[in-house]
Amino acid sequence: FGTVMVHGASRPILPVPGLPQIRNILAQIEAPIISVLTERFNLASDPSLYANNGSKLRHFISQQEIISAATGRYDYGKLEYPFTLPLIVPDKTSKENAFPPGRFHQDSYSGNPSITSFYLDTLVSLFNRSTSFYFHLDNSTVDDDAVLSLDRTLLALLSHRAHIGKIVAETKYAANVTGFTSLIEAQDGAGIRALVTNTTQEAGVLSQASAAADAFAQAWVTSGASVSDAFANNLQNAAAKLFKELIDITTDIEVQYLLQRLH
Ligand SMILES: O=C(O)C(=O)C[C@]1(C(=O)O)C=C[C@@H](O)C=C1
């Protein structure tokens with residue numbers, strides 16, 4: 001494994017897993033995402049939280065991210081990237097610091113702006129409960145802190161999932177160095193996108209997300225949660241939109257990673 005110095009700090013040499021293993025990792029994060037989505041779905045929220053391009057949500061996230069950064073959450077190789085803090089410095093290939101195929105190479109791209117836009121523009125409008133599972137003696141149904149905490153948790157999970165695209169990209173590059181190198185040298189993003197796309201795999205991801213949404217909805221209903229008749233369908237619809245977008249953003253992250261792979 002070993003380490004190398006980058007900008008005065010030492011960075012570990014991190015090999016990436018093979019594609020079947022990474023796909024297992026991606027599969028394992030689906031249930032947690034649908035689980036938080038289900039929980040968030042069943043909270044009442046005040047639309048003004050998301051006004052002004054989500055400024056309240058961003059402020060809420062930025063406070064936690066300072067604490068998270070201090071405990072190493074966004075360190076090199078964690079595949080977790082902050083929404084509100086500066087990004088990690090990208091790697092540079094050199095003679096002394098070679099990045100052979102199969103070794104993780106940090107790039108400068110973050111999918112978080114796309115994830116935030118999708119969240120604010122699409123997902124939030126699908127969350128429209130008027131009641132909440134929190135009970136307040138003053139009869140208030142809204143709990144901004146509880147809502148924003150779930151938003152933040154969900155966004156961090158979505159971001160982590162999408163940024164695993166960086167190691168998907170590395171493992172695909174290692175498996176086809178010649179094919180990718182010419183596309184990278186030509187900075188052919190469309191060609192790279194075509195080469196990383198696997199529609200059979202996408203269909204499997206979407207069907208697993210659908211099964212998870214169904215299972216969580218049924219679990220809430222049979223365990224006695226107070227939910228509307230439309231809940232299961234609405235959750236299903238949101239999960240389908242979410243995972244379609246997530247695959248798109250993951251693919252963007254793969255493409256951007258590869259465009260910078262030889263930097
Ligand atoms: O599993 C892959 O091959 C990936 O590139 C990941 C992923 C996904 O986001 O799940 C993204 C693009 C591919 O078209 C298929 C699936």
# chains A, B, ... in the order shown; residues from 1 in each chain; ligands from 1
>>> residues_near_ligand(ligand="ligand 1", cutoff="7 Å", atoms="only C-alpha atoms and all ligand atoms", output="PyMOL selection string")
chain A and resi 23+26+162+165+168+196-199+201-202+205+246-248+250-251
>>> write_last_selection(atoms="N, CA and C atoms", output="compact mmCIF listing (two decimals), in the first residue's frame")
# COMPACT_ATOMS: atom_id res chain seq x y z
N ARG A 23 -19.90 -3.41 -7.48
CA ARG A 23 -21.35 -3.47 -7.71
C ARG A 23 -22.07 -3.99 -6.46
N LEU A 26 -22.33 -1.03 -4.22
CA LEU A 26 -23.43 -0.16 -4.68
C LEU A 26 -24.79 -0.76 -4.31
N ALA A 162 -23.00 8.08 -5.40
CA ALA A 162 -22.62 8.57 -6.73
C ALA A 162 -21.10 8.64 -6.89
N GLY A 165 -18.74 6.07 -8.13
CA GLY A 165 -18.46 6.10 -9.57
C GLY A 165 -16.99 6.31 -9.88
N VAL A 168 -15.57 2.89 -9.72
CA VAL A 168 -16.10 2.13 -10.87
C VAL A 168 -15.28 2.50 -12.10
N VAL A 196 -18.46 3.40 -20.64
CA VAL A 196 -18.73 3.01 -19.24
C VAL A 196 -20.18 2.58 -19.01
N THR A 197 -21.06 2.91 -19.96
CA THR A 197 -22.48 2.62 -19.75
C THR A 197 -22.79 1.14 -19.94
N ASN A 198 -23.62 0.61 -19.04
CA ASN A 198 -24.05 -0.78 -19.12
C ASN A 198 -25.55 -0.81 -18.76
N THR A 199 -26.39 -0.84 -19.77
CA THR A 199 -27.83 -0.67 -19.53
C THR A 199 -28.45 -1.88 -18.81
N GLN A 201 -26.95 -3.55 -16.41
CA GLN A 201 -26.66 -3.29 -15.00
C GLN A 201 -27.62 -2.22 -14.45
N GLU A 202 -27.87 -1.18 -15.24
CA GLU A 202 -28.78 -0.12 -14.79
C GLU A 202 -30.17 -0.68 -14.49
N VAL A 205 -30.16 -2.34 -11.15
CA VAL A 205 -30.13 -1.36 -10.05
C VAL A 205 -31.53 -0.81 -9.83
N LEU A 246 -29.69 9.15 -9.96
CA LEU A 246 -28.44 8.75 -9.30
C LEU A 246 -27.52 8.01 -10.28
N ILE A 247 -28.08 7.18 -11.10
CA ILE A 247 -27.28 6.47 -12.12
C ILE A 247 -26.68 7.48 -13.09
N ASP A 248 -27.48 8.47 -13.48
CA ASP A 248 -27.00 9.52 -14.38
C ASP A 248 -25.82 10.29 -13.78
N THR A 250 -23.91 9.31 -11.27
CA THR A 250 -22.78 8.38 -11.10
C THR A 250 -22.01 8.27 -12.42
N THR A 251 -22.74 8.20 -13.51
CA THR A 251 -22.10 8.10 -14.82
C THR A 251 -21.31 9.38 -15.13
>>> residues_around(residues="Ala156 (chain A)", least_positions_apart="3", cutoff="10 Å", atoms="only C-alpha atoms", output="ChimeraX atom specification")
/A:33,61,80-83,112,115,150-153,159-162
>>> write_last_selection(atoms="C-alpha atoms", output="PDB file, in the first residue's frame")
ATOM      1  CA  ILE A  33     -31.024   5.219   0.861  1.00  0.00           C
ATOM      2  CA  ILE A  61     -25.324  21.235   6.217  1.00  0.00           C
ATOM      3  CA  GLU A  80     -17.237  11.132   0.742  1.00  0.00           C
ATOM      4  CA  TYR A  81     -17.268  14.703  -0.522  1.00  0.00           C
ATOM      5  CA  PRO A  82     -18.659  17.755   1.290  1.00  0.00           C
ATOM      6  CA  PHE A  83     -21.446  19.938  -0.152  1.00  0.00           C
ATOM      7  CA  ASN A 112     -22.800  17.379  -5.347  1.00  0.00           C
ATOM      8  CA  ILE A 115     -27.387  16.112  -6.482  1.00  0.00           C
ATOM      9  CA  LEU A 150     -32.835  13.653   7.394  1.00  0.00           C
ATOM     10  CA  ASP A 151     -32.198  15.796   4.309  1.00  0.00           C
ATOM     11  CA  ARG A 152     -28.543  16.007   5.265  1.00  0.00           C
ATOM     12  CA  THR A 153     -28.266  12.260   5.926  1.00  0.00           C
ATOM     13  CA  SER A 159     -23.350  11.684  -2.668  1.00  0.00           C
ATOM     14  CA  HIS A 160     -21.365   8.724  -1.383  1.00  0.00           C
ATOM     15  CA  ARG A 161     -23.225   6.376  -3.708  1.00  0.00           C
ATOM     16  CA  ALA A 162     -22.620   8.573  -6.732  1.00  0.00           C
TER      17      ALA A 162
END
>>> residues_around(residues="Asn233 (chain A)", least_positions_apart="2", cutoff="12 Å", atoms="only C-alpha atoms", output="PyMOL selection string")
chain A and resi 38+41+126+210+213-218+227-231+235-240
>>> closest_residue(among="A:Leu79, A:Leu49, A:Ile29, A:Leu262", to="Glu185 (chain A)", atoms="only C-alpha atoms")
A:Leu262
>>> select_by_dssp(residues="region 98-206 of chain A", states="alpha helix (DSSP H)", output="PyMOL selection string")
chain A and resi 112-118+144-163+165-175+177-185+189-196+199-206
>>> write_last_selection(atoms="C-alpha atoms", output="mmCIF file, in the first residue's frame")
data_model
loop_
_atom_site.group_PDB
_atom_site.id
_atom_site.type_symbol
_atom_site.label_atom_id
_atom_site.label_comp_id
_atom_site.auth_asym_id
_atom_site.auth_seq_id
_atom_site.Cartn_x
_atom_site.Cartn_y
_atom_site.Cartn_z
ATOM 1 C CA ASN A 112 -22.800 17.379 -5.347
ATOM 2 C CA PRO A 113 -24.130 20.444 -7.215
ATOM 3 C CA SER A 114 -26.177 18.122 -9.481
ATOM 4 C CA ILE A 115 -27.387 16.112 -6.482
ATOM 5 C CA THR A 116 -28.453 19.297 -4.679
ATOM 6 C CA SER A 117 -30.303 20.630 -7.738
ATOM 7 C CA PHE A 118 -32.173 17.371 -8.185
ATOM 8 C CA ASP A 144 -37.347 21.848 10.942
ATOM 9 C CA ASP A 145 -34.353 20.343 12.672
ATOM 10 C CA ALA A 146 -35.618 16.776 12.271
ATOM 11 C CA VAL A 147 -36.425 17.423 8.601
ATOM 12 C CA LEU A 148 -33.078 19.017 7.800
ATOM 13 C CA SER A 149 -31.207 16.242 9.626
ATOM 14 C CA LEU A 150 -32.835 13.653 7.394
ATOM 15 C CA ASP A 151 -32.198 15.796 4.309
ATOM 16 C CA ARG A 152 -28.543 16.007 5.265
ATOM 17 C CA THR A 153 -28.266 12.260 5.926
ATOM 18 C CA LEU A 154 -29.985 11.430 2.664
ATOM 19 C CA LEU A 155 -27.839 13.868 0.658
ATOM 20 C CA ALA A 156 -24.641 12.440 2.165
ATOM 21 C CA LEU A 157 -25.726 8.894 1.264
ATOM 22 C CA LEU A 158 -26.662 9.907 -2.285
ATOM 23 C CA SER A 159 -23.350 11.684 -2.668
ATOM 24 C CA HIS A 160 -21.365 8.724 -1.383
ATOM 25 C CA ARG A 161 -23.225 6.376 -3.708
ATOM 26 C CA ALA A 162 -22.620 8.573 -6.732
ATOM 27 C CA HIS A 163 -18.944 9.181 -5.944
ATOM 28 C CA GLY A 165 -18.464 6.098 -9.568
ATOM 29 C CA LYS A 166 -14.841 7.204 -9.252
ATOM 30 C CA ILE A 167 -13.720 3.693 -8.344
ATOM 31 C CA VAL A 168 -16.104 2.135 -10.866
ATOM 32 C CA ALA A 169 -14.325 4.288 -13.441
ATOM 33 C CA GLU A 170 -10.879 3.270 -12.229
ATOM 34 C CA THR A 171 -11.671 -0.426 -12.340
ATOM 35 C CA LYS A 172 -13.138 -0.092 -15.843
ATOM 36 C CA TYR A 173 -10.063 1.827 -16.954
ATOM 37 C CA ALA A 174 -7.769 -0.872 -15.524
ATOM 38 C CA ALA A 175 -9.727 -3.518 -17.437
ATOM 39 C CA VAL A 177 -6.433 0.671 -20.649
ATOM 40 C CA THR A 178 -5.975 0.861 -24.422
ATOM 41 C CA GLY A 179 -9.635 1.563 -25.148
ATOM 42 C CA PHE A 180 -9.885 4.350 -22.571
ATOM 43 C CA THR A 181 -6.465 5.943 -23.137
ATOM 44 C CA SER A 182 -7.215 7.053 -26.692
ATOM 45 C CA LEU A 183 -10.583 8.512 -25.577
ATOM 46 C CA ILE A 184 -8.921 10.286 -22.641
ATOM 47 C CA GLU A 185 -6.192 11.692 -24.850
ATOM 48 C CA GLY A 189 -16.455 12.640 -22.984
ATOM 49 C CA ALA A 190 -19.237 11.186 -25.130
ATOM 50 C CA GLY A 191 -17.021 8.272 -26.168
ATOM 51 C CA ILE A 192 -16.063 7.612 -22.540
ATOM 52 C CA ARG A 193 -19.712 7.746 -21.504
ATOM 53 C CA ALA A 194 -20.626 5.176 -24.138
ATOM 54 C CA LEU A 195 -17.829 2.878 -22.962
ATOM 55 C CA VAL A 196 -18.730 3.015 -19.240
ATOM 56 C CA THR A 199 -27.828 -0.670 -19.528
ATOM 57 C CA THR A 200 -28.353 -4.239 -18.267
ATOM 58 C CA GLN A 201 -26.664 -3.294 -14.999
ATOM 59 C CA GLU A 202 -28.781 -0.120 -14.792
ATOM 60 C CA ALA A 203 -31.983 -2.157 -15.143
ATOM 61 C CA GLY A 204 -30.844 -4.383 -12.263
ATOM 62 C CA VAL A 205 -30.129 -1.364 -10.047
ATOM 63 C CA LEU A 206 -33.552 0.141 -10.804
#
>>> residues_around(residues="Thr131 (chain A)", least_positions_apart="2", cutoff="10 Å", atoms="only C-alpha atoms", output="list of chain:residue names")
A:Asn42, A:Leu43, A:Ala44, A:Ser45, A:Asn128, A:Arg129, A:Phe133, A:Tyr134, A:Phe135, A:Ser140, A:Thr141, A:Val142, A:Ser226, A:Val227
>>> write_last_selection(atoms="N, CA and C atoms", output="CSV table (one decimal), in the first residue's frame")
chain,number,residue,atom,x,y,z
A,42,ASN,N,-42.2,10.7,5.4
A,42,ASN,CA,-43.3,10.8,6.4
A,42,ASN,C,-43.2,11.8,7.4
A,43,LEU,N,-42.5,12.9,7.1
A,43,LEU,CA,-42.4,14.1,7.9
A,43,LEU,C,-43.0,15.3,7.2
A,44,ALA,N,-43.8,16.1,8.0
A,44,ALA,CA,-44.3,17.3,7.4
A,44,ALA,C,-43.1,18.3,7.3
A,45,SER,N,-43.1,19.1,6.3
A,45,SER,CA,-42.0,20.1,6.2
A,45,SER,C,-42.5,21.4,5.7
A,128,ASN,N,-44.7,15.6,0.6
A,128,ASN,CA,-45.8,16.6,0.8
A,128,ASN,C,-46.7,16.1,2.0
A,129,ARG,N,-46.2,15.5,3.0
A,129,ARG,CA,-47.0,15.2,4.2
A,129,ARG,C,-47.4,16.4,4.9
A,133,PHE,N,-44.5,12.0,12.3
A,133,PHE,CA,-44.5,11.0,13.4
A,133,PHE,C,-43.9,11.5,14.7
A,134,TYR,N,-43.4,12.8,14.6
A,134,TYR,CA,-43.1,13.5,15.9
A,134,TYR,C,-44.4,14.0,16.5
A,135,PHE,N,-44.5,13.8,17.8
A,135,PHE,CA,-45.7,14.4,18.5
A,135,PHE,C,-45.3,15.5,19.4
A,140,SER,N,-47.9,21.4,17.1
A,140,SER,CA,-47.1,21.8,15.9
A,140,SER,C,-46.8,20.5,15.2
A,141,THR,N,-46.8,20.6,13.8
A,141,THR,CA,-46.5,19.4,13.0
A,141,THR,C,-45.2,19.4,12.4
A,142,VAL,N,-44.6,20.6,12.4
A,142,VAL,CA,-43.4,20.8,11.7
A,142,VAL,C,-42.2,20.8,12.6
A,226,SER,N,-49.1,5.5,10.4
A,226,SER,CA,-50.2,6.3,9.9
A,226,SER,C,-49.8,6.9,8.6
A,227,VAL,N,-50.2,6.3,7.5
A,227,VAL,CA,-49.8,6.8,6.2
A,227,VAL,C,-51.0,6.7,5.3
>>> closest_residue(among="A:Tyr76, A:Phe243, A:Tyr50, A:Tyr109", to="Leu14 (chain A)", atoms="only C-alpha atoms")
A:Tyr76
